[in-house]
Amino acid sequence: MSLKNKNNNLHIYILILVFLIGLFIFNDYGMGPDEVTEKLRGDYIYDSIFNTSTISDSEINSLPDNIDDYGPGYALISSIILNIFKIDSLRNIFLFRHFLSFFIYFIGLIFFYLLSNKFFKNNFLSFLSLIFLILSPRIFGEAFTNTKDTIFMSFFIISAYTLFEFYEKKTLKYLFFHSLSTALLVDTRILGLIMIFLTLLLFIFDFFKFEKNKFKIFFKKNELKLLFIYLILSSILIILFWPKLWSNPLYLFTALKNMANHDMIVNENYFGESILSNNLPWHYTIVWIFISTPLIYSFLFLIGIFILFKSKEIFKNKNLIIFLWFFIPLFMIIVLKSTIYDTWRHLFFIYPAFILITVYGFNWLNNFFKNKKYKKFVSFFYVAILIGLILTLVFIIKNHPYQNVYFNPLIRATFDLKENFELDNMGMSIRQGLEYIVNNDKRDNLNVSFVGISPIPNLYILNEEDSKRINLVHLPDYVGDYSNLNYFLTNFRWWSKNVFDCNKVYSIDVEGTEILMVCKLN
């Protein structure tokens with residue numbers, strides 16, 4: 001389906017507005033710890049393909065041992081583009097990566113509108129789906145800086161759209177497009193193999209029909225042939241785009257096994273308890289999804305799930321695929337007791353399915369309130385939705401560029417967030433803390449101590465002259481004279497309360513919750 005629609009072009013104007021906003025604000029965001037590793041990983045893969053020396057031996061040694069278990073995906077794409085344009089300043093490299101990350105998110109928005117239209121066959125509901133996804137503060141905030149999870153989410157959206165196109169058209173042309181998007185998805189994160197499962201499932205549903213209280217099987221030779229070609233072509237493209245697999249295609253299964261057993265052990269603040277990431281309760285991810293998503297979306301999602309089952313529309317092919325897109329990864333994490341950390345960012349890719357179910361719930365309620373018996377309530381329903389959207393938009397604007405620290409109003413009113421949950425867990429606000437220091441203290445050498453996420457990545461996004469003036473000191477490991485320290489900075493992650501009293505000179509808060517503190521020492 002063409003993006004342009006004769007009956008309703010409002011989505012085009014919204015998409016243009018989002019792109020222009022992104023163009024003006026992409027350089028406002030700080031850096032997360034994964035960004036440097038992802039940049040080096042891309043350079044490492046680029047060098048292995050083109051026999052260049054973009055990355056040094058010391059930088060190669062700094063990469064994680066499991067570096068080959070990740071597909072090249074966005075890391076390689078960004079490295080190729082950076083080399084084409086010969087961008088060499090670290091600050092410009094990372095700012096460009098922020099723009100590129102946003103641009104892929106923007107492409108994902110376009111395809112999400114198209115996917116929604118495939119799903120609902122309704123311009124308004126498709127437009128509403130797009131608005132709900134745009135006005136999701138955590139997703140929007142991390143669209144610029146999260147070079148893993150929001151990228152994977154966007155590629156998953158694209159692949160879901162090509163799946164529905166392939167399913168409807170059943171031609172070699174759309175088979176190729178879906179195979180291509182599947183390969184890109186898997187080569188971004190190996191969990192993209194879920195798309196192959198969903199593809200097989202959607203077509204296999206067509207082989208079964210329920211007639212006269214009995215299931216009947218109808219084998220369709222053409223569809224079986226297309227599925228076979230899809231599996232072969234997708235496999236070829238996955239290997240083609242993943243250099244590690246060129247010499248050993250079976251390494252894909254080794255990578256899958258390694259990622260399934262991946263253990264990243266960090267402390268997580270969850271309802272006020274410090275819990276190791278490999279020992280988090282089963283409900284950790286589910287709770288995080290709901291506490292960091294606008295209340296109105298969560299309410300409509302629950303309505304959508306209830307109605308899907310009550311009406312038995314869950315068994316319609318596309319409905320079931322959307323349902324499984326959301327719930328299979330959640331189920332896998334709970335059953336396999338997978339290690340997860342840093343809120344629910346690893347599962348951002350299921351959020352578009354959440355939004356589609358949410359809008360399904362909206363549509364049912366909208367039709368319900370249009371019934372003569374309840375028609376007097378329809379205005380209240382629309383006002384409630386509008387208020388929810390306005391409050392979310394106000395949060396995004398007011399708390400820029402810290403949208404990644406969004407909690408819904410109910411959670412903000414109920415809990416002391418700093419005591420109970422991770423806040424700026426990726427340390428994006430550290431950039432503004434360092435900028436305050438260098439802008440207000442002109443000494444040539446500044447010893448900045450810290451507790452929490454390391455500020456090192458955010459040094460790269462400062463001006464080169466300013467970054468050279470800062471010497472970072474991890475306070476828990478410091479054994480020198482404290483009188484030599486000039487500043488103390490923390491984003492409150494892994495925070496030991498009351499480390500010492502200090503002269504606070506700068507802080508950042510989001511809706512009354514402090515997420516960063518800078519103290520002047522000497």
# chains A, B, ... in the order shown; residues from 1 in each chain; ligands from 1
call {"tool": "select_by_dssp", "arguments": {"residues": "region 375-488 of chain A", "states": "alpha helix (DSSP H)", "output": "PyMOL selection string"}}
result
chain A and resi 378-398+409-414+417-420+430-440+456-459+464-469
call {"tool": "select_by_dssp", "arguments": {"residues": "region 378-513 of chain A", "states": "strand (DSSP E)", "output": "PyMOL selection string"}}
result
chain A and resi 446-451+470-474+487-490+503-510+513
call {"tool": "closest_residue", "arguments": {"among": "A:Ile134, A:Leu201, A:Leu115, A:Ile387", "to": "Ser159 (chain A)", "atoms": "only C-alpha atoms"}}
result
A:Leu115
call {"tool": "residues_around", "arguments": {"residues": "Glu38 (chain A)", "least_positions_apart": "5", "cutoff": "9 Å", "atoms": "only C-alpha atoms", "output": "JSON, numbers by chain"}}
result
{"A": [43, 74, 75, 147, 148]}
call {"tool": "atom_distance", "arguments": {"atom1": "CA of Tyr436 (chain A)", "atom2": "CA of Val505 (chain A)"}}
result
9.3 Å
call {"tool": "residues_around", "arguments": {"residues": "Asn319 (chain A)", "least_positions_apart": "3", "cutoff": "10 Å", "atoms": "only C-alpha atoms", "output": "short mmCIF file (atom, residue, chain, number, x, y, z; two decimals) with C-alpha atoms, in the first residue's frame"}}
result
data_model
loop_
_atom_site.label_atom_id
_atom_site.label_comp_id
_atom_site.auth_asym_id
_atom_site.auth_seq_id
_atom_site.Cartn_x
_atom_site.Cartn_y
_atom_site.Cartn_z
CA PHE A 119 -4.16 -4.95 9.95
CA LEU A 308 -9.85 -10.86 21.33
CA GLU A 313 -11.25 -13.25 17.00
CA ILE A 314 -7.89 -14.25 18.46
CA PHE A 315 -8.09 -17.25 16.10
CA LYS A 316 -8.14 -15.11 12.97
CA ILE A 322 0.09 -10.03 16.37
CA PHE A 323 -0.81 -11.75 19.64
CA LEU A 324 2.09 -14.19 19.32
CA TRP A 325 4.48 -11.39 18.29
CA ALA A 353 2.27 -5.46 18.66
CA LEU A 356 -1.88 -2.74 17.62
CA ILE A 357 -3.73 -4.64 20.37
CA TYR A 360 -7.96 -2.90 18.70
#
call {"tool": "residues_around", "arguments": {"residues": "Asn404 (chain A)", "least_positions_apart": "2", "cutoff": "7 Å", "atoms": "only C-alpha atoms", "output": "ChimeraX atom specification"}}
result
/A:137-138,141-142,402,406
call {"tool": "closest_atom_pairs", "arguments": {"of": "region 329-353 of chain A", "to": "region 185-194 of chain A", "cutoff": "12 Å", "atoms": "only C-alpha atoms", "output": "tab-separated table"}}
result
residue	atom	partner	partner_atom	distance
A:Pro329	CA	A:Ile194	CA	8.5
A:Met332	CA	A:Leu191	CA	10.9
A:Ile333	CA	A:Leu191	CA	11.7
A:His346	CA	A:Leu191	CA	10.2
A:Leu347	CA	A:Leu191	CA	10.2
A:Phe349	CA	A:Gly192	CA	9.7
A:Ile350	CA	A:Ile194	CA	11.2
call {"tool": "decode", "arguments": {"residues": "region 391-404 of chain A", "atoms": "all heavy atoms", "output": "PDB file, in the first residue's frame"}}
result
ATOM      1  N   LEU A 391      -1.225  14.795  27.856  1.00  0.00           N
ATOM      2  CA  LEU A 391      -0.317  14.678  29.005  1.00  0.00           C
ATOM      3  C   LEU A 391       0.992  14.000  28.601  1.00  0.00           C
ATOM      4  O   LEU A 391       2.072  14.380  29.053  1.00  0.00           O
ATOM      5  CB  LEU A 391      -0.991  13.897  30.133  1.00  0.00           C
ATOM      6  CG  LEU A 391      -2.127  14.607  30.867  1.00  0.00           C
ATOM      7  CD1 LEU A 391      -2.772  13.669  31.890  1.00  0.00           C
ATOM      8  CD2 LEU A 391      -1.621  15.874  31.561  1.00  0.00           C
ATOM      9  N   THR A 392       0.889  12.994  27.736  1.00  0.00           N
ATOM     10  CA  THR A 392       2.091  12.299  27.267  1.00  0.00           C
ATOM     11  C   THR A 392       2.944  13.223  26.415  1.00  0.00           C
ATOM     12  O   THR A 392       4.176  13.264  26.552  1.00  0.00           O
ATOM     13  CB  THR A 392       1.706  11.043  26.467  1.00  0.00           C
ATOM     14  OG1 THR A 392       0.861  10.207  27.259  1.00  0.00           O
ATOM     15  CG2 THR A 392       2.945  10.255  26.072  1.00  0.00           C
ATOM     16  N   LEU A 393       2.299  13.983  25.521  1.00  0.00           N
ATOM     17  CA  LEU A 393       3.024  14.945  24.678  1.00  0.00           C
ATOM     18  C   LEU A 393       3.699  16.010  25.531  1.00  0.00           C
ATOM     19  O   LEU A 393       4.861  16.372  25.278  1.00  0.00           O
ATOM     20  CB  LEU A 393       2.059  15.590  23.682  1.00  0.00           C
ATOM     21  CG  LEU A 393       2.655  16.676  22.775  1.00  0.00           C
ATOM     22  CD1 LEU A 393       3.769  16.101  21.899  1.00  0.00           C
ATOM     23  CD2 LEU A 393       1.568  17.303  21.904  1.00  0.00           C
ATOM     24  N   VAL A 394       2.994  16.508  26.545  1.00  0.00           N
ATOM     25  CA  VAL A 394       3.575  17.517  27.440  1.00  0.00           C
ATOM     26  C   VAL A 394       4.813  16.964  28.129  1.00  0.00           C
ATOM     27  O   VAL A 394       5.837  17.654  28.253  1.00  0.00           O
ATOM     28  CB  VAL A 394       2.529  17.986  28.483  1.00  0.00           C
ATOM     29  CG1 VAL A 394       3.196  18.806  29.591  1.00  0.00           C
ATOM     30  CG2 VAL A 394       1.436  18.799  27.807  1.00  0.00           C
ATOM     31  N   PHE A 395       4.748  15.697  28.579  1.00  0.00           N
ATOM     32  CA  PHE A 395       5.918  15.086  29.214  1.00  0.00           C
ATOM     33  C   PHE A 395       7.101  15.049  28.254  1.00  0.00           C
ATOM     34  O   PHE A 395       8.228  15.385  28.622  1.00  0.00           O
ATOM     35  CB  PHE A 395       5.595  13.669  29.689  1.00  0.00           C
ATOM     36  CG  PHE A 395       6.778  12.964  30.299  1.00  0.00           C
ATOM     37  CD1 PHE A 395       7.002  13.015  31.665  1.00  0.00           C
ATOM     38  CD2 PHE A 395       7.702  12.262  29.513  1.00  0.00           C
ATOM     39  CE1 PHE A 395       8.112  12.389  32.239  1.00  0.00           C
ATOM     40  CE2 PHE A 395       8.800  11.649  30.063  1.00  0.00           C
ATOM     41  CZ  PHE A 395       9.003  11.714  31.436  1.00  0.00           C
ATOM     42  N   ILE A 396       6.856  14.626  27.015  1.00  0.00           N
ATOM     43  CA  ILE A 396       7.928  14.504  26.026  1.00  0.00           C
ATOM     44  C   ILE A 396       8.597  15.853  25.779  1.00  0.00           C
ATOM     45  O   ILE A 396       9.829  15.949  25.712  1.00  0.00           O
ATOM     46  CB  ILE A 396       7.371  13.917  24.712  1.00  0.00           C
ATOM     47  CG1 ILE A 396       7.018  12.440  24.898  1.00  0.00           C
ATOM     48  CG2 ILE A 396       8.377  14.076  23.571  1.00  0.00           C
ATOM     49  CD1 ILE A 396       6.310  11.806  23.701  1.00  0.00           C
ATOM     50  N   ILE A 397       7.786  16.906  25.669  1.00  0.00           N
ATOM     51  CA  ILE A 397       8.337  18.242  25.407  1.00  0.00           C
ATOM     52  C   ILE A 397       9.030  18.802  26.645  1.00  0.00           C
ATOM     53  O   ILE A 397      10.162  19.295  26.573  1.00  0.00           O
ATOM     54  CB  ILE A 397       7.212  19.191  24.952  1.00  0.00           C
ATOM     55  CG1 ILE A 397       6.628  18.718  23.616  1.00  0.00           C
ATOM     56  CG2 ILE A 397       7.726  20.629  24.833  1.00  0.00           C
ATOM     57  CD1 ILE A 397       5.380  19.468  23.194  1.00  0.00           C
ATOM     58  N   LYS A 398       8.359  18.724  27.770  1.00  0.00           N
ATOM     59  CA  LYS A 398       8.865  19.320  29.015  1.00  0.00           C
ATOM     60  C   LYS A 398      10.158  18.670  29.482  1.00  0.00           C
ATOM     61  O   LYS A 398      11.052  19.352  30.010  1.00  0.00           O
ATOM     62  CB  LYS A 398       7.790  19.193  30.096  1.00  0.00           C
ATOM     63  CG  LYS A 398       8.207  19.725  31.458  1.00  0.00           C
ATOM     64  CD  LYS A 398       7.104  19.459  32.484  1.00  0.00           C
ATOM     65  CE  LYS A 398       7.542  19.865  33.885  1.00  0.00           C
ATOM     66  NZ  LYS A 398       6.494  19.518  34.890  1.00  0.00           N
ATOM     67  N   ASN A 399      10.286  17.379  29.298  1.00  0.00           N
ATOM     68  CA  ASN A 399      11.426  16.652  29.853  1.00  0.00           C
ATOM     69  C   ASN A 399      12.458  16.252  28.805  1.00  0.00           C
ATOM     70  O   ASN A 399      13.259  15.342  29.029  1.00  0.00           O
ATOM     71  CB  ASN A 399      10.933  15.413  30.606  1.00  0.00           C
ATOM     72  CG  ASN A 399      10.101  15.774  31.811  1.00  0.00           C
ATOM     73  OD1 ASN A 399      10.603  16.283  32.809  1.00  0.00           O
ATOM     74  ND2 ASN A 399       8.796  15.545  31.722  1.00  0.00           N
ATOM     75  N   HIS A 400      12.430  16.921  27.673  1.00  0.00           N
ATOM     76  CA  HIS A 400      13.458  16.692  26.650  1.00  0.00           C
ATOM     77  C   HIS A 400      14.827  17.091  27.198  1.00  0.00           C
ATOM     78  O   HIS A 400      14.968  18.136  27.832  1.00  0.00           O
ATOM     79  CB  HIS A 400      13.134  17.528  25.413  1.00  0.00           C
ATOM     80  CG  HIS A 400      14.192  17.473  24.360  1.00  0.00           C
ATOM     81  ND1 HIS A 400      14.395  16.362  23.580  1.00  0.00           N
ATOM     82  CD2 HIS A 400      15.128  18.387  23.981  1.00  0.00           C
ATOM     83  CE1 HIS A 400      15.399  16.598  22.747  1.00  0.00           C
ATOM     84  NE2 HIS A 400      15.856  17.819  22.970  1.00  0.00           N
ATOM     85  N   PRO A 401      15.893  16.293  27.017  1.00  0.00           N
ATOM     86  CA  PRO A 401      15.969  15.043  26.257  1.00  0.00           C
ATOM     87  C   PRO A 401      15.982  13.792  27.147  1.00  0.00           C
ATOM     88  O   PRO A 401      16.728  12.856  26.899  1.00  0.00           O
ATOM     89  CB  PRO A 401      17.319  15.198  25.547  1.00  0.00           C
ATOM     90  CG  PRO A 401      18.168  15.918  26.564  1.00  0.00           C
ATOM     91  CD  PRO A 401      17.232  16.814  27.340  1.00  0.00           C
ATOM     92  N   TYR A 402      15.157  13.809  28.194  1.00  0.00           N
ATOM     93  CA  TYR A 402      15.165  12.694  29.154  1.00  0.00           C
ATOM     94  C   TYR A 402      13.866  11.888  29.096  1.00  0.00           C
ATOM     95  O   TYR A 402      13.377  11.403  30.112  1.00  0.00           O
ATOM     96  CB  TYR A 402      15.393  13.240  30.574  1.00  0.00           C
ATOM     97  CG  TYR A 402      16.508  14.251  30.634  1.00  0.00           C
ATOM     98  CD1 TYR A 402      16.246  15.585  30.926  1.00  0.00           C
ATOM     99  CD2 TYR A 402      17.828  13.879  30.347  1.00  0.00           C
ATOM    100  CE1 TYR A 402      17.271  16.519  30.961  1.00  0.00           C
ATOM    101  CE2 TYR A 402      18.851  14.810  30.377  1.00  0.00           C
ATOM    102  CZ  TYR A 402      18.568  16.132  30.674  1.00  0.00           C
ATOM    103  OH  TYR A 402      19.579  17.065  30.695  1.00  0.00           O
ATOM    104  N   GLN A 403      13.326  11.738  27.886  1.00  0.00           N
ATOM    105  CA  GLN A 403      12.084  10.975  27.727  1.00  0.00           C
ATOM    106  C   GLN A 403      12.254   9.520  28.153  1.00  0.00           C
ATOM    107  O   GLN A 403      11.267   8.840  28.465  1.00  0.00           O
ATOM    108  CB  GLN A 403      11.610  11.024  26.265  1.00  0.00           C
ATOM    109  CG  GLN A 403      11.235  12.413  25.782  1.00  0.00           C
ATOM    110  CD  GLN A 403      12.372  13.135  25.090  1.00  0.00           C
ATOM    111  OE1 GLN A 403      13.529  12.732  25.192  1.00  0.00           O
ATOM    112  NE2 GLN A 403      12.070  14.219  24.385  1.00  0.00           N
ATOM    113  N   ASN A 404      13.496   9.042  28.164  1.00  0.00           N
ATOM    114  CA  ASN A 404      13.769   7.643  28.529  1.00  0.00           C
ATOM    115  C   ASN A 404      13.541   7.366  30.014  1.00  0.00           C
ATOM    116  O   ASN A 404      13.654   6.227  30.458  1.00  0.00           O
ATOM    117  CB  ASN A 404      15.202   7.258  28.157  1.00  0.00           C
ATOM    118  CG  ASN A 404      16.240   8.062  28.925  1.00  0.00           C
ATOM    119  OD1 ASN A 404      16.216   9.291  28.879  1.00  0.00           O
ATOM    120  ND2 ASN A 404      17.148   7.392  29.605  1.00  0.00           N
TER     121      ASN A 404
END
